[in-house]
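So this one's coords24.cif, mmCIF, C-alpha atoms:
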data_upload
#
loop_
_atom_site.label_atom_id
_atom_site.label_comp_id
_atom_site.auth_asym_id
_atom_site.auth_seq_id
_atom_site.Cartn_x
_atom_site.Cartn_y
_atom_site.Cartn_z
CA MET E 1 16.28 -2.47 -24.83
CA ASP E 2 17.48 1.12 -25.10
CA GLU E 3 20.92 2.28 -23.95
CA ASN E 4 19.59 4.09 -20.87
CA LEU E 5 17.88 1.01 -19.48
CA ARG E 6 20.98 -1.05 -20.25
CA ALA E 7 23.10 1.48 -18.34
CA LEU E 8 20.71 1.42 -15.40
CA LEU E 9 20.78 -2.37 -15.14
CA ILE E 10 24.57 -2.26 -15.00
CA LEU E 11 24.79 0.62 -12.52
CA ASN E 12 22.18 -1.03 -10.33
CA ARG E 13 24.57 -3.93 -9.72
CA VAL E 14 27.73 -1.92 -9.07
CA LYS E 15 28.62 -2.29 -5.39
CA GLY E 16 28.97 1.01 -3.61
CA PHE E 17 27.10 2.93 -6.29
CA GLY E 18 23.71 3.44 -4.72
CA CYS E 19 20.48 5.30 -5.43
CA ARG E 20 21.59 8.60 -3.92
CA MET E 21 24.94 8.62 -5.71
CA PHE E 22 23.19 7.87 -8.99
CA LYS E 23 20.70 10.70 -8.52
CA GLU E 24 23.54 13.19 -7.96
CA ALA E 25 25.40 11.89 -11.01
CA LEU E 26 22.26 12.06 -13.12
CA GLU E 27 21.88 15.76 -12.38
CA ARG E 28 25.42 16.31 -13.68
CA CYS E 29 25.33 14.02 -16.69
CA GLY E 30 21.74 14.29 -17.89
CA SER E 31 21.13 10.62 -18.79
CA PRO E 32 21.88 7.15 -17.34
CA SER E 33 24.03 6.25 -20.33
CA GLU E 34 26.23 9.32 -19.67
CA VAL E 35 26.40 8.40 -15.98
CA LEU E 36 27.74 4.97 -16.98
CA ARG E 37 30.34 6.57 -19.25
CA GLU E 38 31.45 8.82 -16.38
CA CYS E 39 31.75 5.82 -14.09
CA PHE E 40 33.85 4.01 -16.67
CA ARG E 41 36.28 6.94 -16.52
CA GLY E 42 36.25 7.20 -12.72
CA ARG E 43 36.77 5.13 -9.60
CA PHE E 44 34.09 2.58 -10.47
CA ALA E 45 35.73 1.57 -13.76
CA GLU E 46 37.37 -1.60 -12.45
CA LYS E 47 34.22 -2.74 -10.62
CA ILE E 48 32.16 -2.33 -13.80
CA ARG E 49 34.66 -4.28 -15.90
CA ILE E 50 34.66 -7.15 -13.39
CA LEU E 51 30.86 -7.09 -13.25
CA LEU E 52 30.51 -7.31 -17.04
CA ASP E 53 32.72 -10.39 -17.13
CA ASP E 54 29.82 -12.36 -15.60
CA TYR E 55 26.76 -10.20 -16.16
CA THR E 56 24.93 -9.36 -19.37
CA PRO E 57 22.04 -6.89 -19.02
CA GLU E 58 20.46 -8.12 -22.25
CA GLU E 59 20.22 -11.63 -20.80
CA GLU E 60 18.55 -10.36 -17.64
CA TYR E 61 16.09 -8.33 -19.68
CA GLU E 62 15.11 -11.34 -21.82
CA ARG E 63 14.87 -13.61 -18.78
CA CYS E 64 12.53 -11.17 -17.05
CA LEU E 65 10.35 -10.88 -20.13
CA GLY E 66 10.09 -14.67 -20.20
CA MET E 67 8.79 -14.61 -16.60
CA GLY E 68 6.26 -11.87 -17.34
CA ILE E 69 8.29 -9.27 -15.43
CA GLY E 70 8.79 -5.80 -16.86
CA ILE E 71 11.70 -3.51 -15.99
CA LEU E 72 11.19 0.22 -15.56
CA GLY E 73 14.18 2.55 -15.56
CA ILE E 74 14.06 5.80 -13.62
CA SER E 75 14.55 7.76 -16.83
CA GLY E 76 11.56 6.14 -18.55
CA GLU E 77 8.08 7.65 -18.79
CA ALA E 78 6.42 4.62 -17.17
CA TYR E 79 8.46 4.97 -13.96
CA PRO E 80 6.16 6.21 -11.13
CA ARG E 81 6.66 9.96 -10.86
CA SER E 82 5.95 9.94 -7.12
CA LEU E 83 9.04 7.77 -6.57
CA ARG E 84 11.24 10.19 -8.47
CA GLU E 85 10.51 12.75 -5.73
CA ILE E 86 12.16 10.79 -2.92
CA HIS E 87 15.86 11.31 -2.21
CA ASP E 88 16.87 7.67 -2.84
CA PRO E 89 14.69 6.28 -5.65
CA PRO E 90 15.58 2.89 -7.15
CA MET E 91 17.38 3.03 -10.48
CA VAL E 92 15.19 0.21 -11.78
CA LEU E 93 11.88 -1.31 -10.77
CA TYR E 94 10.78 -4.84 -11.59
CA VAL E 95 7.03 -4.99 -12.24
CA ARG E 96 4.33 -7.60 -12.65
CA GLY E 97 0.96 -6.22 -13.68
CA ASP E 98 0.47 -2.63 -14.77
CA ILE E 99 1.35 0.70 -13.18
CA LEU E 100 -1.07 3.35 -14.44
CA LYS E 101 -0.87 7.14 -14.34
CA GLU E 102 -3.78 7.26 -11.91
CA ASP E 103 -1.73 5.22 -9.42
CA PHE E 104 -0.11 8.53 -8.51
CA TYR E 105 -3.25 9.03 -6.42
CA ALA E 106 -2.45 6.37 -3.85
CA VAL E 107 -2.60 5.84 -0.10
CA ALA E 108 -0.56 3.21 1.73
CA VAL E 109 -2.37 1.09 4.33
CA VAL E 110 -0.03 -0.75 6.71
CA GLY E 111 -0.02 -2.29 10.15
CA THR E 112 0.63 -5.30 12.33
CA ARG E 113 0.91 -8.84 11.02
CA LYS E 114 -1.43 -10.02 13.80
CA PRO E 115 -4.38 -7.61 13.93
CA ASN E 116 -7.30 -8.14 16.27
CA ASP E 117 -10.87 -8.09 14.93
CA TYR E 118 -11.00 -4.31 15.22
CA GLY E 119 -7.79 -3.86 13.23
CA TYR E 120 -8.87 -6.42 10.64
CA GLN E 121 -12.26 -4.84 10.05
CA THR E 122 -10.93 -1.27 10.07
CA ALA E 123 -8.21 -2.08 7.52
CA ARG E 124 -10.76 -3.74 5.26
CA GLN E 125 -13.27 -0.92 5.56
CA PHE E 126 -10.82 1.92 4.99
CA SER E 127 -9.10 0.18 2.08
CA GLY E 128 -12.41 -0.61 0.42
CA ILE E 129 -13.69 2.94 0.63
CA LEU E 130 -10.40 4.49 -0.49
CA ALA E 131 -10.36 2.19 -3.53
CA GLU E 132 -14.02 2.70 -4.26
CA ARG E 133 -13.46 6.44 -4.44
CA GLY E 134 -10.64 5.99 -6.97
CA LEU E 135 -7.46 5.84 -4.89
CA THR E 136 -4.91 3.06 -5.33
CA VAL E 137 -4.13 1.18 -2.12
CA VAL E 138 -0.42 0.42 -1.59
CA SER E 139 0.90 -2.12 0.89
CA GLY E 140 3.56 -4.79 1.34
CA LEU E 141 1.84 -8.18 0.82
CA ALA E 142 2.78 -9.15 4.38
CA ARG E 143 0.55 -11.14 6.69
CA GLY E 144 -2.13 -9.30 8.61
CA VAL E 145 -3.07 -5.71 7.80
CA ASP E 146 -1.17 -5.64 4.50
CA SER E 147 -3.06 -8.64 3.13
CA VAL E 148 -6.39 -7.29 4.36
CA ALA E 149 -5.69 -3.91 2.72
CA HIS E 150 -4.96 -5.49 -0.67
CA ARG E 151 -8.09 -7.66 -0.48
CA GLY E 152 -10.30 -4.80 0.70
CA ALA E 153 -9.26 -2.67 -2.26
CA MET E 154 -9.92 -5.43 -4.79
CA GLU E 155 -13.25 -6.42 -3.22
CA ALA E 156 -14.35 -2.82 -3.76
CA GLY E 157 -13.39 -3.05 -7.43
CA GLY E 158 -10.32 -0.83 -7.03
CA ARG E 159 -6.61 -1.04 -7.69
CA THR E 160 -3.82 -2.08 -5.38
CA ILE E 161 0.00 -2.21 -5.54
CA ALA E 162 2.15 -4.59 -3.52
CA VAL E 163 5.80 -3.73 -2.85
CA LEU E 164 7.93 -6.80 -2.22
CA GLY E 165 11.17 -7.18 -0.28
CA CYS E 166 12.41 -9.92 -2.62
CA GLY E 167 12.51 -10.77 -6.31
CA LEU E 168 9.16 -11.02 -8.07
CA ASP E 169 9.76 -14.71 -8.72
CA GLN E 170 9.61 -15.25 -4.95
CA ILE E 171 6.18 -15.22 -3.27
CA TYR E 172 6.50 -14.27 0.38
CA PRO E 173 4.80 -15.19 2.56
CA PRO E 174 4.05 -18.37 0.56
CA GLU E 175 0.44 -18.59 1.77
CA ASN E 176 -0.26 -15.37 -0.14
CA GLU E 177 0.20 -16.97 -3.55
CA SER E 178 -3.47 -16.60 -4.54
CA LEU E 179 -3.44 -12.98 -3.32
CA TYR E 180 -0.26 -12.37 -5.36
CA ARG E 181 -2.02 -13.64 -8.50
CA GLU E 182 -5.09 -11.49 -7.88
CA ILE E 183 -3.02 -8.34 -7.37
CA GLU E 184 -1.28 -8.98 -10.69
CA LYS E 185 -4.73 -8.80 -12.35
CA HIS E 186 -6.01 -5.78 -10.42
CA GLY E 187 -2.89 -3.65 -10.05
CA ALA E 188 0.80 -4.37 -9.83
CA LEU E 189 3.53 -6.06 -7.82
CA ILE E 190 6.83 -4.21 -7.77
CA SER E 191 10.29 -4.67 -6.35
CA GLU E 192 13.67 -3.01 -6.60
CA TYR E 193 15.25 -6.45 -6.20
CA ALA E 194 16.13 -8.56 -9.23
CA PRO E 195 14.48 -11.97 -9.72
CA GLY E 196 16.21 -14.58 -7.62
CA THR E 197 16.61 -12.28 -4.60
CA LEU E 198 15.41 -14.08 -1.48
CA PRO E 199 13.15 -12.42 1.15
CA LEU E 200 15.99 -11.53 3.51
CA ALA E 201 15.12 -9.66 6.72
CA GLY E 202 17.19 -6.61 5.81
CA ASN E 203 15.29 -6.06 2.57
CA PHE E 204 11.98 -5.19 4.20
CA PRO E 205 12.90 -1.97 6.04
CA GLN E 206 14.56 -0.87 2.78
CA ARG E 207 11.44 -1.55 0.70
CA ASN E 208 9.27 0.43 3.14
CA ARG E 209 10.55 3.69 1.62
CA LEU E 210 8.93 2.60 -1.65
CA ILE E 211 5.58 1.93 0.03
CA SER E 212 5.53 5.47 1.42
CA GLY E 213 7.18 6.97 -1.66
CA LEU E 214 4.46 5.65 -3.96
CA SER E 215 1.76 7.21 -1.79
CA LEU E 216 0.30 10.61 -1.01
CA GLY E 217 -0.08 9.48 2.57
CA VAL E 218 0.38 6.48 4.85
CA LEU E 219 -2.40 5.10 7.05
CA VAL E 220 -1.27 2.99 10.00
CA VAL E 221 -4.23 0.92 11.12
CA ALA E 222 -2.79 -1.11 13.98
CA ALA E 223 0.80 -1.41 15.07
CA HIS E 224 2.86 -2.74 17.95
CA GLU E 225 5.51 -0.50 19.48
CA LYS E 226 8.24 -2.10 17.32
CA SER E 227 6.15 -2.67 14.21
CA GLY E 228 7.79 -2.25 10.81
CA SER E 229 4.85 -0.05 9.83
CA LEU E 230 6.25 2.63 12.15
CA ILE E 231 9.36 2.65 9.96
CA THR E 232 7.09 3.29 6.98
CA ALA E 233 5.44 6.16 8.86
CA ARG E 234 8.82 7.71 9.71
CA LEU E 235 9.97 7.43 6.10
CA ALA E 236 6.71 9.02 4.96
CA LEU E 237 7.40 12.05 7.15
CA GLU E 238 10.92 12.32 5.76
CA GLN E 239 9.49 12.21 2.24
CA GLY E 240 6.92 14.91 2.98
CA ARG E 241 3.95 12.55 2.90
CA GLU E 242 0.93 12.69 5.19
CA VAL E 243 0.79 10.22 8.08
CA PHE E 244 -2.54 9.02 9.44
CA ALA E 245 -3.24 6.67 12.35
CA VAL E 246 -6.37 4.93 13.60
CA PRO E 247 -6.66 5.14 17.40
CA GLY E 248 -7.04 1.89 19.31
CA ARG E 249 -7.77 0.58 22.77
CA ILE E 250 -5.26 1.71 25.36
CA ASP E 251 -4.97 -1.85 26.71
CA SER E 252 -4.29 -3.43 23.32
CA LEU E 253 -0.69 -4.24 22.34
CA SER E 254 -1.57 -3.78 18.67
CA SER E 255 -2.63 -0.19 19.35
CA ARG E 256 0.42 1.05 21.21
CA GLY E 257 2.28 1.97 18.04
CA THR E 258 -0.63 3.83 16.45
CA ASN E 259 -1.51 5.66 19.65
CA ARG E 260 2.12 6.71 20.02
CA LEU E 261 2.10 8.00 16.44
CA ILE E 262 -0.91 10.16 17.24
CA LYS E 263 0.79 11.54 20.36
CA SER E 264 3.79 12.37 18.14
CA GLY E 265 1.69 14.36 15.70
CA ALA E 266 0.20 11.90 13.19
CA ALA E 267 -3.32 12.79 12.08
CA LEU E 268 -5.96 10.89 14.03
CA VAL E 269 -8.51 9.44 11.61
CA GLU E 270 -11.90 8.07 12.53
CA SER E 271 -13.19 7.55 9.00
CA PRO E 272 -11.89 7.67 5.42
CA ASP E 273 -13.46 11.14 5.19
CA ASP E 274 -10.60 12.43 7.35
CA ILE E 275 -8.08 11.18 4.79
CA PHE E 276 -9.96 12.67 1.85
CA ALA E 277 -10.16 16.00 3.67
CA ALA E 278 -6.42 16.07 4.39
CA LEU E 279 -5.57 15.20 0.78
CA ALA E 280 -8.24 17.46 -0.73
CA PRO E 281 -5.77 19.97 -2.30
CA VAL E 282 -4.11 17.15 -4.26
CA LEU E 283 -7.27 15.19 -5.03
CA LYS E 284 -9.39 18.13 -6.14
CA GLY E 285 -10.61 17.49 -9.67
CA TYR E 286 -9.39 13.88 -9.68
CA LEU E 287 -12.08 12.06 -7.71
CA ALA E 288 -15.10 11.37 -9.88
CA GLU E 289 -17.42 11.88 -6.93
CA GLU E 290 -16.87 14.82 -4.63
CA LYS E 291 -19.37 13.70 -1.98
CA THR E 292 -17.99 12.64 1.36
CA VAL E 293 -18.12 9.00 2.33
CA SER E 294 -20.73 9.77 4.97
CA GLU E 295 -22.99 11.43 2.43
CA ARG E 296 -22.53 8.59 -0.03
CA ASN E 297 -23.32 5.94 2.54
CA ALA E 298 -26.33 7.74 3.99
CA GLY E 299 -28.62 6.14 1.42
CA SER E 300 -30.13 2.81 0.59
CA GLU E 301 -27.24 0.46 1.52
CA ASP E 302 -27.19 1.62 5.13
CA ASP E 303 -30.97 1.61 5.37
CA ASP E 304 -31.07 -1.83 3.74
CA ILE E 305 -28.89 -3.47 6.38
CA ARG E 306 -30.51 -1.57 9.22
CA SER E 307 -34.01 -2.64 8.14
CA TYR E 308 -33.02 -6.31 8.46
CA LEU E 309 -31.28 -5.82 11.80
CA GLU E 310 -34.31 -4.00 13.22
CA ILE E 311 -36.28 -7.22 12.80
CA ALA E 312 -33.71 -9.47 14.49
CA PRO E 313 -29.94 -9.73 15.03
CA LEU E 314 -28.16 -11.40 12.10
CA SER E 315 -24.73 -12.78 11.28
CA PRO E 316 -22.76 -11.26 8.38
CA ASP E 317 -23.44 -14.39 6.28
CA GLU E 318 -27.17 -14.07 6.87
CA ILE E 319 -27.06 -10.40 5.83
CA CYS E 320 -25.18 -11.38 2.64
CA GLN E 321 -27.91 -13.90 1.80
CA ARG E 322 -30.70 -11.37 2.31
CA THR E 323 -29.06 -8.44 0.50
CA GLY E 324 -27.22 -10.32 -2.24
CA ARG E 325 -24.04 -8.32 -1.61
CA SER E 326 -20.51 -9.65 -1.09
CA SER E 327 -19.09 -10.43 2.35
CA GLY E 328 -16.46 -7.71 1.85
CA GLN E 329 -19.12 -5.05 1.21
CA ILE E 330 -21.21 -6.21 4.17
CA MET E 331 -18.27 -6.27 6.60
CA ALA E 332 -17.21 -2.80 5.47
CA GLU E 333 -20.74 -1.47 6.08
CA LEU E 334 -21.07 -3.19 9.45
CA THR E 335 -17.71 -1.87 10.60
CA ARG E 336 -18.64 1.65 9.55
CA MET E 337 -22.01 1.34 11.31
CA GLU E 338 -20.20 0.17 14.45
CA LEU E 339 -17.79 3.11 14.32
CA GLN E 340 -20.71 5.51 13.91
CA GLY E 341 -22.68 3.89 16.74
CA LEU E 342 -25.45 2.59 14.44
CA ALA E 343 -24.84 -1.11 15.10
CA ARG E 344 -23.14 -3.32 17.68
CA LYS E 345 -21.59 -6.78 17.55
CA LEU E 346 -23.06 -9.33 19.94
CA PRO E 347 -20.95 -11.94 21.79
CA ASP E 348 -22.18 -14.69 19.41
CA GLY E 349 -20.91 -12.82 16.34
CA ARG E 350 -24.28 -11.51 15.19
CA PHE E 351 -25.00 -7.81 14.72
CA ALA E 352 -27.87 -5.77 16.11
CA VAL E 353 -28.96 -2.18 15.64
CA THR E 354 -28.01 0.28 18.36
CA THR E 355 -31.18 1.72 19.78
CA GLU E 356 -31.60 4.60 22.20
CA GLU E 357 -32.29 2.07 24.93
CA THR E 358 -28.87 0.42 24.45
CA VAL E 359 -26.93 3.68 24.74
CA SER E 360 -26.29 5.02 28.22
CA GLU E 361 -26.72 8.69 29.09
CA ASP E 362 -22.92 9.00 29.41
CA ASP E 363 -22.52 7.94 25.75
#

Rewritten as structure tokens:
Amino acid sequence: MDENLRALLILNRVKGFGCRMFKEALERCGSPSEVLRECFRGRFAEKIRILLDDYTPEEEYERCLGMGIGILGISGEAYPRSLREIHDPPMVLYVRGDILKEDFYAVAVVGTRKPNDYGYQTARQFSGILAERGLTVVSGLARGVDSVAHRGAMEAGGRTIAVLGCGLDQIYPPENESLYREIEKHGALISEYAPGTLPLAGNFPQRNRLISGLSLGVLVVAAHEKSGSLITARLALEQGREVFAVPGRIDSLSSRGTNRLIKSGAALVESPDDIFAALAPVLKGYLAEEKTVSERNAGSEDDDIRSYLEIAPLSPDEICQRTGRSSGQIMAELTRMELQGLARKLPDGRFAVTTEETVSEDD
């Protein structure tokens, strides 16, 4: 462990010496080790001496390695450069999995913990297409939209990052243990909290700045009026990130937050194409395929599903059996076809094509 990381681990535990204070000191001193030396000579000297009576950074480092947890210091090359841009970046990040350079090109997908079918399908579809096109999907491993976003990205063969509000040795919520393990294989789990930190309520609003800070933009899929995802959206604006929102039914509680965001100036998005268009200046030259999602999906996959539905209405499972594709891919296609008016969901859960006869003149 180099001296800068050692200094960061110590400073990270000094009460009253937070992220913003460290960033100001770093500009003066040039390196974390010099910041620690300055603190030893200043008003934090006594606090540091008391801390080091019971805390050994080398022991924490070795303990984390034994648990498969890496530690990234803000001065290291592996630290996400997008986080360095925010005004209160963590001094250290604890990581399981791998953070890659291409994870700079990321979009956060957040929303309510209790989405309706529309929110569930939209989160899955958007996350899948964003990941398929090469963007990393960032979310918070929470129940509902967060979990769907992580799964949608991985089902599409893409990368995802989960930001936790507790130590990485704590899996919260506990029912997401299998999802936690999958994310470790297909992306990364990160936290600014040391192992052993419990998932306390106050940690989650604090971690939301990392979700937005890691991302080029934040997509709010479905949110109640007091949803924590609205905190993420506000932080994104403060950090100079784009904020996108999916409109919802005016009589749905889980749409009130997103609809209010749109009224307040968030970009209304009806398809992932809207996100790609807004981020085009940053993404230009990065995406391997410059076609829009609509152009890419105008081919055989769409025609394949439609040809089966033209014969008779089918359930998603029946379509999977006929096409040989995964349930995630099929649900993403069906949701997109619904949004574009090409298919409709019947009361019994089956899907049918939308014909001219089923569309009124007012539509």

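Separating CA of Pro199 in chain E from CA of Gln121 in chain E is a distance of 28.0 Å.
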
inquiry  = Under the PyMOL selection byres ((chain E and resi 147-159) around 10), which residues of this model are included? Write them out as number ranges by chain.
reply    = E: 99-100, 102-103, 106, 108-111, 113, 115, 119-146, 160-162, 176, 179-180, 182-183, 185-188, 221, 326-329, 332

message = Just the number, please: distance in Å from CA of Gly341 in chain E to CA of Ala245 in chain E, one decimal.
response = 20.1 Å

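Of the residues under consideration (E:Leu314, E:Ile305, E:Leu219, E:Ala233), E:Ala233 shows the shortest atom-to-atom contact distance to Pro205 in chain E when counting only C-alpha atoms.
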
message = Using Å and a single decimal, report how far CA of Val218 in chain E sits from CA of Asp117 in chain E.
response = 21.0 Å

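Across E:Leu339, E:Leu235, E:Ile69, E:Leu9, the tightest approach to Ser215 in chain E is made by E:Leu235 when counting all atoms listed in the file.
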
task = Just say which residues the PyMOL selection byres ((chain E and resi 280) around 12) picks in this file, as a ChimeraX atom specification.
result = /E:105,216-217,242,273-279,281-287,290-292

Might I get the box with edges along x, y and z of the file that holds all atoms of range 228-246 of chain E listed there, padded by 8 Å on every side, given as centre and edge lengths in Å to one decimal, as AutoDock Vina command-line options?
--center_x 2.3 --center_y 6.3 --center_z 7.9 --size_x 33.3 --size_y 33.2 --size_z 27.4

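Residue nearest Arg306 in chain E within the list E:Ile171, E:Ile319, E:Ile71, E:Met331: E:Ile319 [criterion: smallest interatomic distance, all atoms listed in the file].
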
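Distances from E:Ser212, E:Asn12, E:Thr112, E:Asn259 to Gly240 in chain E were compared using all atoms listed in the file, and the smallest one belongs to E:Ser212.
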
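The nearest approach to Leu253 in chain E among the residues E:Lys114, E:Arg322, E:Glu310, E:Leu52, with all atoms listed in the file taken into account, belongs to E:Lys114.
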
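Neighbours of range 59-62 of chain E closer than or equal to 12 Å, with only C-alpha atoms counted and sequence neighbours fewer than 5 positions away skipped, come out as Met1, Asp2, Leu5, Arg6, Leu8, Leu9, Ile10, Arg13, Leu52, Asp54, Met67, Gly68, Ile69, Gly70, Ile71, Leu72, Gly73, Val92, Tyr94, Ala194, Pro195 and Gly196 of chain E.
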
inquiry  = Could you list, as a ChimeraX atom specification, every residue within 9 Å of range 25-42 of chain E, counting only C-alpha atoms and ignoring same-chain residues fewer than 4 positions away?
reply    = /E:3-8,10-11,20-21,46,48-49,74-75

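If you apply the PyMOL selection byres ((chain E and resi 270) around 8) to this structure, you end up with Val246, Pro247, Leu268, Val269, Ser271, Pro272, Asp274 and Leu339 of chain E.
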
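Closest to Ala223 in chain E among E:Arg241, E:Arg84, E:Arg256, E:Arg249 is E:Arg256, based on all atoms listed in the file.
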
Write range 176-201 of chain E as a short mmCIF file (atom, residue, chain, number, x, y, z; two decimals), in the frame of the given file, completed to N, CA and C atoms.
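Listed below is the output, result39.cif:
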data_model
loop_
_atom_site.label_atom_id
_atom_site.label_comp_id
_atom_site.auth_asym_id
_atom_site.auth_seq_id
_atom_site.Cartn_x
_atom_site.Cartn_y
_atom_site.Cartn_z
N ASN E 176 0.39 -16.45 0.60
CA ASN E 176 -0.26 -15.37 -0.14
C ASN E 176 -0.16 -15.54 -1.65
N GLU E 177 0.06 -16.77 -2.11
CA GLU E 177 0.20 -16.97 -3.55
C GLU E 177 -1.06 -16.57 -4.31
N SER E 178 -2.23 -16.96 -3.83
CA SER E 178 -3.47 -16.60 -4.54
C SER E 178 -3.68 -15.09 -4.52
N LEU E 179 -3.33 -14.43 -3.41
CA LEU E 179 -3.44 -12.98 -3.32
C LEU E 179 -2.48 -12.33 -4.31
N TYR E 180 -1.27 -12.85 -4.40
CA TYR E 180 -0.26 -12.37 -5.36
C TYR E 180 -0.84 -12.39 -6.77
N ARG E 181 -1.47 -13.50 -7.14
CA ARG E 181 -2.02 -13.64 -8.50
C ARG E 181 -3.17 -12.67 -8.75
N GLU E 182 -3.98 -12.43 -7.73
CA GLU E 182 -5.09 -11.49 -7.88
C GLU E 182 -4.59 -10.06 -8.04
N ILE E 183 -3.57 -9.69 -7.27
CA ILE E 183 -3.02 -8.34 -7.37
C ILE E 183 -2.45 -8.10 -8.76
N GLU E 184 -1.83 -9.12 -9.34
CA GLU E 184 -1.28 -8.98 -10.69
C GLU E 184 -2.37 -8.62 -11.69
N LYS E 185 -3.60 -9.09 -11.45
CA LYS E 185 -4.73 -8.80 -12.35
C LYS E 185 -5.35 -7.44 -12.08
N HIS E 186 -5.28 -6.99 -10.83
CA HIS E 186 -6.01 -5.78 -10.42
C HIS E 186 -5.07 -4.66 -9.96
N GLY E 187 -3.86 -4.67 -10.46
CA GLY E 187 -2.89 -3.65 -10.05
C GLY E 187 -1.50 -4.06 -10.46
N ALA E 188 -0.58 -4.04 -9.50
CA ALA E 188 0.80 -4.37 -9.83
C ALA E 188 1.55 -4.85 -8.59
N LEU E 189 2.56 -5.68 -8.83
CA LEU E 189 3.53 -6.06 -7.82
C LEU E 189 4.85 -5.48 -8.27
N ILE E 190 5.57 -4.82 -7.38
CA ILE E 190 6.83 -4.21 -7.77
C ILE E 190 7.92 -4.53 -6.75
N SER E 191 9.15 -4.45 -7.22
CA SER E 191 10.29 -4.67 -6.35
C SER E 191 11.50 -3.98 -6.96
N GLU E 192 12.40 -3.53 -6.10
CA GLU E 192 13.67 -3.01 -6.60
C GLU E 192 14.71 -4.12 -6.67
N TYR E 193 14.33 -5.33 -6.23
CA TYR E 193 15.25 -6.45 -6.20
C TYR E 193 15.06 -7.33 -7.43
N ALA E 194 16.17 -7.74 -8.02
CA ALA E 194 16.13 -8.56 -9.23
C ALA E 194 15.55 -9.94 -8.92
N PRO E 195 14.94 -10.59 -9.92
CA PRO E 195 14.48 -11.97 -9.72
C PRO E 195 15.60 -12.85 -9.18
N GLY E 196 15.22 -13.72 -8.27
CA GLY E 196 16.21 -14.58 -7.62
C GLY E 196 16.59 -14.09 -6.24
N THR E 197 16.28 -12.82 -5.92
CA THR E 197 16.61 -12.28 -4.60
C THR E 197 15.67 -12.86 -3.55
N LEU E 198 16.22 -13.46 -2.52
CA LEU E 198 15.41 -14.08 -1.48
C LEU E 198 14.84 -13.03 -0.53
N PRO E 199 13.76 -13.36 0.19
CA PRO E 199 13.15 -12.42 1.15
C PRO E 199 13.96 -12.31 2.44
N LEU E 200 15.12 -11.69 2.35
CA LEU E 200 15.99 -11.53 3.51
C LEU E 200 15.45 -10.43 4.43
N ALA E 201 15.68 -10.58 5.73
CA ALA E 201 15.12 -9.66 6.72
C ALA E 201 15.51 -8.21 6.45
#
